[in-house]
file data_22.cif (mmCIF, C-alpha atoms)
data_structure
loop_
_atom_site.group_PDB
_atom_site.id
_atom_site.type_symbol
_atom_site.label_atom_id
_atom_site.label_comp_id
_atom_site.auth_asym_id
_atom_site.auth_seq_id
_atom_site.Cartn_x
_atom_site.Cartn_y
_atom_site.Cartn_z
ATOM 1 C CA MET A 1 119.520 75.981 151.963
ATOM 2 C CA THR A 2 121.026 79.304 153.010
ATOM 3 C CA ILE A 3 124.392 78.976 154.713
ATOM 4 C CA LYS A 4 126.846 81.342 156.336
ATOM 5 C CA VAL A 5 129.910 81.905 154.144
ATOM 6 C CA THR A 6 133.019 80.345 155.672
ATOM 7 C CA LYS A 7 136.394 79.251 154.309
ATOM 8 C CA LEU A 8 134.878 75.822 153.637
ATOM 9 C CA THR A 9 132.066 77.406 151.606
ATOM 10 C CA MET A 10 134.576 79.362 149.552
ATOM 11 C CA PHE A 11 136.640 76.185 149.028
ATOM 12 C CA ARG A 12 133.567 74.340 147.705
ATOM 13 C CA ASN A 13 132.793 77.289 145.412
ATOM 14 C CA LYS A 14 136.183 76.860 143.692
ATOM 15 C CA PHE A 15 134.920 73.748 141.899
ATOM 16 C CA SER A 16 132.387 75.563 139.705
ATOM 17 C CA LYS A 17 132.603 78.596 137.438
ATOM 18 C CA VAL A 18 129.651 80.276 139.172
ATOM 19 C CA GLY A 19 131.274 79.555 142.519
ATOM 20 C CA ARG A 20 134.549 81.200 141.468
ATOM 21 C CA VAL A 21 132.661 84.332 140.402
ATOM 22 C CA ALA A 22 130.755 84.244 143.708
ATOM 23 C CA ASN A 23 134.071 83.942 145.590
ATOM 24 C CA ALA A 24 135.386 87.052 143.825
ATOM 25 C CA ASN A 25 132.265 88.955 144.897
ATOM 26 C CA ILE A 26 132.439 87.576 148.445
ATOM 27 C CA SER A 27 136.081 88.681 148.718
ATOM 28 C CA ALA A 28 135.212 92.180 147.499
ATOM 29 C CA ILE A 29 132.363 92.434 150.034
ATOM 30 C CA GLN A 30 134.576 91.148 152.850
ATOM 31 C CA GLN A 31 137.235 93.750 152.035
ATOM 32 C CA LYS A 32 134.665 96.533 152.058
ATOM 33 C CA TYR A 33 132.781 95.278 155.164
ATOM 34 C CA PRO A 34 135.178 93.044 157.172
ATOM 35 C CA VAL A 35 132.919 92.456 160.208
ATOM 36 C CA LYS A 36 129.584 91.799 158.467
ATOM 37 C CA GLN A 37 128.276 88.282 157.853
ATOM 38 C CA ILE A 38 127.592 87.039 154.322
ATOM 39 C CA TYR A 39 125.144 84.248 153.513
ATOM 40 C CA GLN A 40 124.975 82.138 150.362
ATOM 41 C CA LYS A 41 122.323 80.028 148.681
ATOM 42 C CA ARG A 42 122.666 77.889 145.578
ATOM 43 C CA LEU A 43 119.571 78.397 143.462
ATOM 44 C CA LYS A 44 117.883 75.665 141.389
ATOM 45 C CA ASN A 45 118.858 77.344 138.116
ATOM 46 C CA GLY A 46 122.587 77.067 138.940
ATOM 47 C CA LYS A 47 123.035 80.645 140.083
ATOM 48 C CA ILE A 48 124.185 81.705 143.545
ATOM 49 C CA GLY A 49 122.431 84.206 145.814
ATOM 50 C CA LEU A 50 124.552 86.262 148.222
ATOM 51 C CA LEU A 51 123.030 88.122 151.165
ATOM 52 C CA LEU A 52 124.686 90.766 153.311
ATOM 53 C CA SER A 53 122.233 91.613 156.061
ATOM 54 C CA GLU A 54 122.113 94.017 158.981
ATOM 55 C CA LYS A 55 119.342 95.081 161.351
ATOM 56 C CA ASN A 56 117.715 97.636 159.009
ATOM 57 C CA ASN A 57 119.621 97.183 155.738
ATOM 58 C CA SER A 58 120.311 94.285 153.414
ATOM 59 C CA ASP A 59 122.071 93.722 150.121
ATOM 60 C CA PHE A 60 121.217 90.741 147.923
ATOM 61 C CA PHE A 61 123.050 89.678 144.761
ATOM 62 C CA ILE A 62 122.326 86.986 142.194
ATOM 63 C CA VAL A 63 125.528 85.769 140.570
ATOM 64 C CA ASP A 64 126.007 83.563 137.522
ATOM 65 C CA SER A 65 129.129 82.501 135.618
ATOM 66 C CA LYS A 66 129.393 85.908 133.879
ATOM 67 C CA GLY A 67 129.061 88.082 136.981
ATOM 68 C CA VAL A 68 126.353 89.799 138.991
ATOM 69 C CA LEU A 69 122.947 89.687 137.274
ATOM 70 C CA VAL A 70 120.772 91.381 139.882
ATOM 71 C CA SER A 71 121.479 93.489 142.945
ATOM 72 C CA ILE A 72 118.838 94.489 145.487
ATOM 73 C CA LYS A 73 119.526 96.983 148.264
ATOM 74 C CA THR A 74 116.836 97.348 150.937
ATOM 75 C CA GLU A 75 116.818 99.992 153.642
ATOM 76 C CA ASN A 76 114.421 100.673 156.523
ATOM 77 C CA LYS A 77 114.668 103.710 158.741
ATOM 78 C CA ASN A 78 112.589 105.754 161.129
ATOM 79 C CA THR A 79 112.316 109.435 160.293
ATOM 80 C CA LEU A 80 110.390 112.312 161.802
ATOM 81 C CA GLU A 81 107.704 111.844 159.146
ATOM 82 C CA GLY A 82 107.306 108.076 159.674
ATOM 83 C CA LYS A 83 108.847 104.728 158.766
ATOM 84 C CA LEU A 84 110.654 104.883 155.436
ATOM 85 C CA TYR A 85 111.221 101.762 153.337
ATOM 86 C CA ASN A 86 113.473 102.022 150.280
ATOM 87 C CA ARG A 87 114.436 99.290 147.785
ATOM 88 C CA VAL A 88 116.710 99.669 144.757
ATOM 89 C CA LYS A 89 116.946 96.849 142.197
ATOM 90 C CA GLY A 90 119.610 96.868 139.504
ATOM 91 C CA PHE A 91 119.680 94.475 136.545
ATOM 92 C CA TYR A 92 123.075 94.032 134.880
ATOM 93 C CA ALA A 93 124.561 92.842 131.577
ATOM 94 C CA ASP A 94 127.617 90.605 131.270
ATOM 95 C CA LEU A 95 130.227 93.315 131.853
ATOM 96 C CA GLY A 96 128.533 94.986 134.823
ATOM 97 C CA LEU A 97 126.618 97.487 132.678
ATOM 98 C CA VAL A 98 123.315 98.508 134.292
ATOM 99 C CA LEU A 99 120.466 97.608 131.932
ATOM 100 C CA ARG A 100 117.550 98.579 134.135
ATOM 101 C CA LYS A 101 117.021 100.093 137.565
ATOM 102 C CA VAL A 102 113.886 100.173 139.712
ATOM 103 C CA GLU A 103 113.644 102.168 142.936
ATOM 104 C CA GLN A 104 110.655 101.956 145.288
ATOM 105 C CA SER A 105 110.009 103.976 148.437
ATOM 106 C CA ILE A 106 107.159 103.744 150.913
ATOM 107 C CA LEU A 107 106.457 106.051 153.827
ATOM 108 C CA ARG A 108 104.243 104.680 156.606
ATOM 109 C CA ASN A 109 102.626 106.672 159.390
ATOM 110 C CA LYS A 110 104.198 105.691 162.727
ATOM 111 C CA LYS A 111 100.915 105.809 164.639
ATOM 112 C CA THR A 112 98.504 104.124 162.231
ATOM 113 C CA GLY A 113 100.914 102.023 160.153
ATOM 114 C CA LYS A 114 99.126 103.099 156.974
ATOM 115 C CA ILE A 115 100.975 104.101 153.810
ATOM 116 C CA GLU A 116 101.093 107.882 153.313
ATOM 117 C CA GLU A 117 103.382 108.139 150.302
ATOM 118 C CA LYS A 118 104.515 105.674 147.652
ATOM 119 C CA ALA A 119 107.167 106.493 145.099
ATOM 120 C CA LEU A 120 108.461 104.553 142.102
ATOM 121 C CA ARG A 121 111.335 105.463 139.800
ATOM 122 C CA TYR A 122 112.354 103.184 136.965
ATOM 123 C CA TRP A 123 114.440 103.422 133.841
ATOM 124 C CA SER A 124 116.145 101.194 131.313
ATOM 125 C CA ILE A 125 119.236 101.767 129.225
ATOM 126 C CA ASP A 126 117.252 102.141 126.003
ATOM 127 C CA GLY A 127 114.103 103.705 127.438
ATOM 128 C CA PRO A 128 112.782 106.658 129.402
ATOM 129 C CA ILE A 129 112.869 107.561 133.097
ATOM 130 C CA HIS A 130 109.583 107.508 135.009
ATOM 131 C CA ASN A 131 109.022 109.058 138.443
ATOM 132 C CA ILE A 132 105.626 108.290 139.964
ATOM 133 C CA VAL A 133 104.687 109.523 143.441
ATOM 134 C CA THR A 134 101.338 108.835 145.102
ATOM 135 C CA SER A 135 100.435 110.901 148.149
ATOM 136 C CA LYS A 136 97.423 109.668 150.127
ATOM 137 C CA PHE A 137 94.239 111.692 150.570
ATOM 138 C CA GLY A 138 94.156 113.855 153.707
ATOM 139 C CA ARG A 139 97.835 113.447 154.378
ATOM 140 C CA GLN A 140 99.150 115.571 157.260
ATOM 141 C CA SER A 141 102.841 115.757 156.357
ATOM 142 C CA GLN A 142 104.377 117.636 153.464
ATOM 143 C CA PHE A 143 104.621 116.182 149.964
ATOM 144 C CA PRO A 144 108.262 115.384 149.153
ATOM 145 C CA VAL A 145 109.437 113.056 151.892
ATOM 146 C CA THR A 146 110.833 110.021 150.104
ATOM 147 C CA LYS A 147 114.127 110.269 148.263
ATOM 148 C CA ILE A 148 112.404 109.776 144.894
ATOM 149 C CA ALA A 149 109.771 112.443 145.571
ATOM 150 C CA LYS A 150 112.448 114.997 146.360
ATOM 151 C CA ASN A 151 113.681 114.568 142.779
ATOM 152 C CA ILE A 152 110.321 115.586 141.266
ATOM 153 C CA HIS A 153 110.272 119.000 139.604
ATOM 154 C CA SER A 154 106.983 120.797 140.163
ATOM 155 C CA GLY A 155 107.091 122.525 136.753
ATOM 156 C CA VAL A 156 107.573 119.267 134.834
ATOM 157 C CA ALA A 157 105.466 116.764 136.808
ATOM 158 C CA GLN A 158 101.882 116.075 135.822
ATOM 159 C CA LYS A 159 99.479 116.096 138.755
ATOM 160 C CA SER A 160 96.274 114.080 138.832
ATOM 161 C CA GLU A 161 93.798 112.886 141.421
ATOM 162 C CA THR A 162 92.483 109.341 141.749
ATOM 163 C CA SER A 163 88.884 108.453 142.588
ATOM 164 C CA SER A 164 89.882 107.857 146.223
ATOM 165 C CA GLY A 165 91.312 111.381 146.497
ATOM 166 C CA ASP A 166 94.977 110.382 146.349
ATOM 167 C CA ILE A 167 97.275 112.770 144.470
ATOM 168 C CA VAL A 168 99.552 111.230 141.815
ATOM 169 C CA TYR A 169 102.588 113.086 140.485
ATOM 170 C CA TRP A 170 104.117 111.667 137.293
ATOM 171 C CA GLU A 171 107.327 112.842 135.701
ATOM 172 C CA PHE A 172 108.716 111.473 132.446
ATOM 173 C CA TYR A 173 112.075 111.970 130.735
ATOM 174 C CA SER A 174 112.885 110.488 127.343
ATOM 175 C CA ARG A 175 116.550 109.742 128.121
ATOM 176 C CA PRO A 176 118.379 108.576 131.278
#
call {"tool": "encode", "arguments": {"input": "data_22.cif", "output": "structure tokens"}}
result
Amino acid sequence: MTIKVTKLTMFRNKFSKVGRVANANISAIQQKYPVKQIYQKRLKNGKIGLLLSEKNNSDFFIVDSKGVLVSIKTENKNTLEGKLYNRVKGFYADLGLVLRKVEQSILRNKKTGKIEEKALRYWSIDGPIHNIVTSKFGRQSQFPVTKIAKNIHSGVAQKSETSSGDIVYWEFYSRP
């Protein structure tokens, strides 16, 4: 069950190691954002999920006894080009070191609601960086709209066309 974090919730958290780590994270969030509400859920595997939610943005953290394991930041906004959805997932090691990061962006047409551009950027600490942008066939707006697509270098990216006419741009770097 998801509950709103109160002083009682933080008191109950003091009785477990995971709860004490969650309390430290809750305190840090409350110092940074004093007026925003934080929600907590105890997961079946013993971990705790923390949610900081607003109208168009949300932050979600999974905490275990060693610290934050996963952070997910989601953002929705209306732009001139359409509705932009952006999600960044970070996967962490014991000491807060980022092991892997995945960023997804989707641009939807305001009138039709159909996806016009999808972008994916992912990397791991011991692997390469991949930027993949798919721009739909017959698209009216210009190519680099999402944050990820603006990072694509036209001289480096490989361009291909799918059977449906969509254009795919793929960029690959061997090191982060």
call {"tool": "closest_residue", "arguments": {"input": "data_22.cif", "among": "A:Asp94, A:Lys101, A:Asn109, A:Ile115", "to": "Gly127 of chain A", "atoms": "only C-alpha atoms"}}
result
A:Lys101
call {"tool": "closest_residue", "arguments": {"input": "data_22.cif", "among": "A:Ile152, A:Val98, A:Leu107, A:Ile132", "to": "Thr79 of chain A", "atoms": "only C-alpha atoms"}}
result
A:Leu107
call {"tool": "atom_distance", "arguments": {"input": "data_22.cif", "atom1": "atom CA of Gln40 of chain A", "atom2": "atom CA of Lys77 of chain A"}}
result
25.3 Å
call {"tool": "residues_near_point", "arguments": {"input": "data_22.cif", "point": "(112.2, 101.2, 156.0)", "cutoff": "12 Å", "atoms": "all atoms listed in the file", "output": "list in words"}}
result
Lys55, Asn56, Asn57, Ser58, Lys73, Thr74, Glu75, Asn76, Lys77, Asn78, Thr79, Glu81, Gly82, Lys83, Leu84, Tyr85, Asn86, Arg87, Gln104, Ser105, Ile106, Leu107, Arg108, Asn109, Lys110, Ile115 and Thr146 of chain A
call {"tool": "atom_distance", "arguments": {"input": "data_22.cif", "atom1": "atom CA of Asp126 of chain A", "atom2": "atom CA of Gly96 of chain A"}}
result
16.0 Å
call {"tool": "atom_distance", "arguments": {"input": "data_22.cif", "atom1": "atom CA of Ile62 of chain A", "atom2": "atom CA of Leu8 of chain A"}}
result
20.3 Å
call {"tool": "closest_residue", "arguments": {"input": "data_22.cif", "among": "A:Ser53, A:Ser65, A:Ser71, A:Thr112", "to": "Asn13 of chain A", "atoms": "only C-alpha atoms"}}
result
A:Ser65
call {"tool": "closest_atom_pairs", "arguments": {"input": "data_22.cif", "of": "segment 37-131 of chain A", "to": "segment 25-31 of chain A", "cutoff": "10 Å", "atoms": "only C-alpha atoms", "output": "CSV"}}
result
residue,atom,partner,partner_atom,distance
A:Gln37,CA,A:Gln30,CA,8.5
A:Ile38,CA,A:Ile26,CA,7.6
A:Tyr39,CA,A:Ile26,CA,9.5
A:Gln40,CA,A:Ile26,CA,9.4
A:Leu50,CA,A:Ile26,CA,8.0
A:Leu51,CA,A:Ile26,CA,9.8
A:Leu52,CA,A:Ile29,CA,8.5
A:Phe61,CA,A:Asn25,CA,9.2
A:Val63,CA,A:Asn25,CA,8.6
A:Gly67,CA,A:Asn25,CA,8.6
A:Val68,CA,A:Asn25,CA,8.4
call {"tool": "axis_aligned_box", "arguments": {"input": "data_22.cif", "around": "segment 88-101 of chain A", "padding_each_side": "6 Å", "output": "AutoDock Vina command-line options"}}
result
--center_x 123.5 --center_y 95.3 --center_z 138.0 --size_x 25.5 --size_y 21.5 --size_z 25.5
call {"tool": "resolve_selection", "arguments": {"input": "data_22.cif", "expression": "the PyMOL selection byres ((chain A and resi 99) around 6)", "output": "ChimeraX atom specification"}}
result
/A:91-92,98,100,124-125
call {"tool": "resolve_selection", "arguments": {"input": "data_22.cif", "expression": "the PyMOL selection byres ((chain A and resi 121) around 7)", "output": "ChimeraX atom specification"}}
result
/A:102-104,119-120,122,130-132,148
call {"tool": "closest_residue", "arguments": {"input": "data_22.cif", "among": "A:Val70, A:Val35, A:Ile167, A:Val5", "to": "Ser135 of chain A", "atoms": "only C-alpha atoms"}}
result
A:Ile167
call {"tool": "build_atoms", "arguments": {"input": "data_22.cif", "residues": "segment 18-49 of chain A", "atoms": "N, CA and C atoms", "output": "short mmCIF file (atom, residue, chain, number, x, y, z; two decimals), keeping the file's coordinate frame"}}
result
data_model
loop_
_atom_site.label_atom_id
_atom_site.label_comp_id
_atom_site.auth_asym_id
_atom_site.auth_seq_id
_atom_site.Cartn_x
_atom_site.Cartn_y
_atom_site.Cartn_z
N VAL A 18 130.52 79.35 138.44
CA VAL A 18 129.65 80.28 139.17
C VAL A 18 130.21 80.51 140.57
N GLY A 19 130.70 79.45 141.19
CA GLY A 19 131.27 79.56 142.52
C GLY A 19 132.51 80.44 142.55
N ARG A 20 133.35 80.35 141.52
CA ARG A 20 134.55 81.20 141.47
C ARG A 20 134.17 82.68 141.32
N VAL A 21 133.14 82.95 140.53
CA VAL A 21 132.66 84.33 140.40
C VAL A 21 132.06 84.79 141.73
N ALA A 22 131.33 83.91 142.39
CA ALA A 22 130.76 84.24 143.71
C ALA A 22 131.87 84.52 144.71
N ASN A 23 132.93 83.72 144.68
CA ASN A 23 134.07 83.94 145.59
C ASN A 23 134.70 85.32 145.37
N ALA A 24 134.82 85.72 144.11
CA ALA A 24 135.39 87.05 143.82
C ALA A 24 134.50 88.14 144.43
N ASN A 25 133.19 87.98 144.32
CA ASN A 25 132.26 88.96 144.90
C ASN A 25 132.28 88.91 146.42
N ILE A 26 132.37 87.72 146.99
CA ILE A 26 132.44 87.58 148.44
C ILE A 26 133.70 88.26 148.97
N SER A 27 134.82 88.05 148.30
CA SER A 27 136.08 88.68 148.72
C SER A 27 135.99 90.20 148.68
N ALA A 28 135.37 90.72 147.62
CA ALA A 28 135.21 92.18 147.50
C ALA A 28 134.33 92.72 148.62
N ILE A 29 133.26 92.01 148.95
CA ILE A 29 132.36 92.43 150.03
C ILE A 29 133.09 92.37 151.37
N GLN A 30 133.86 91.30 151.59
CA GLN A 30 134.58 91.15 152.85
C GLN A 30 135.64 92.23 153.03
N GLN A 31 136.26 92.67 151.93
CA GLN A 31 137.24 93.75 152.04
C GLN A 31 136.56 95.06 152.38
N LYS A 32 135.39 95.29 151.81
CA LYS A 32 134.66 96.53 152.06
C LYS A 32 134.02 96.54 153.45
N TYR A 33 133.46 95.41 153.87
CA TYR A 33 132.78 95.28 155.16
C TYR A 33 133.36 94.07 155.91
N PRO A 34 134.51 94.21 156.57
CA PRO A 34 135.18 93.04 157.17
C PRO A 34 134.44 92.37 158.33
N VAL A 35 133.57 93.06 159.04
CA VAL A 35 132.92 92.46 160.21
C VAL A 35 131.52 91.93 159.92
N LYS A 36 130.95 92.22 158.77
CA LYS A 36 129.58 91.80 158.47
C LYS A 36 129.55 90.36 157.96
N GLN A 37 128.46 89.67 158.26
CA GLN A 37 128.28 88.28 157.85
C GLN A 37 127.65 88.22 156.46
N ILE A 38 128.11 87.26 155.67
CA ILE A 38 127.59 87.04 154.32
C ILE A 38 126.99 85.64 154.30
N TYR A 39 125.83 85.52 153.63
CA TYR A 39 125.14 84.25 153.51
C TYR A 39 125.02 83.90 152.04
N GLN A 40 125.01 82.60 151.75
CA GLN A 40 124.98 82.14 150.36
C GLN A 40 123.91 81.06 150.19
N LYS A 41 123.29 81.08 149.02
CA LYS A 41 122.32 80.03 148.68
C LYS A 41 122.50 79.65 147.22
N ARG A 42 122.62 78.38 146.96
CA ARG A 42 122.67 77.89 145.58
C ARG A 42 121.23 77.74 145.09
N LEU A 43 120.93 78.42 144.00
CA LEU A 43 119.57 78.40 143.46
C LEU A 43 119.40 77.21 142.51
N LYS A 44 118.17 76.83 142.23
CA LYS A 44 117.88 75.67 141.39
C LYS A 44 118.38 75.84 139.96
N ASN A 45 118.43 77.09 139.49
CA ASN A 45 118.86 77.34 138.12
C ASN A 45 120.38 77.42 137.97
N GLY A 46 121.13 77.09 139.01
CA GLY A 46 122.59 77.07 138.94
C GLY A 46 123.25 78.35 139.40
N LYS A 47 122.48 79.37 139.63
CA LYS A 47 123.04 80.64 140.08
C LYS A 47 123.22 80.61 141.60
N ILE A 48 123.95 81.61 142.11
CA ILE A 48 124.18 81.70 143.54
C ILE A 48 123.65 83.04 144.05
N GLY A 49 122.93 83.00 145.16
CA GLY A 49 122.43 84.21 145.81
C GLY A 49 123.31 84.54 147.01
#
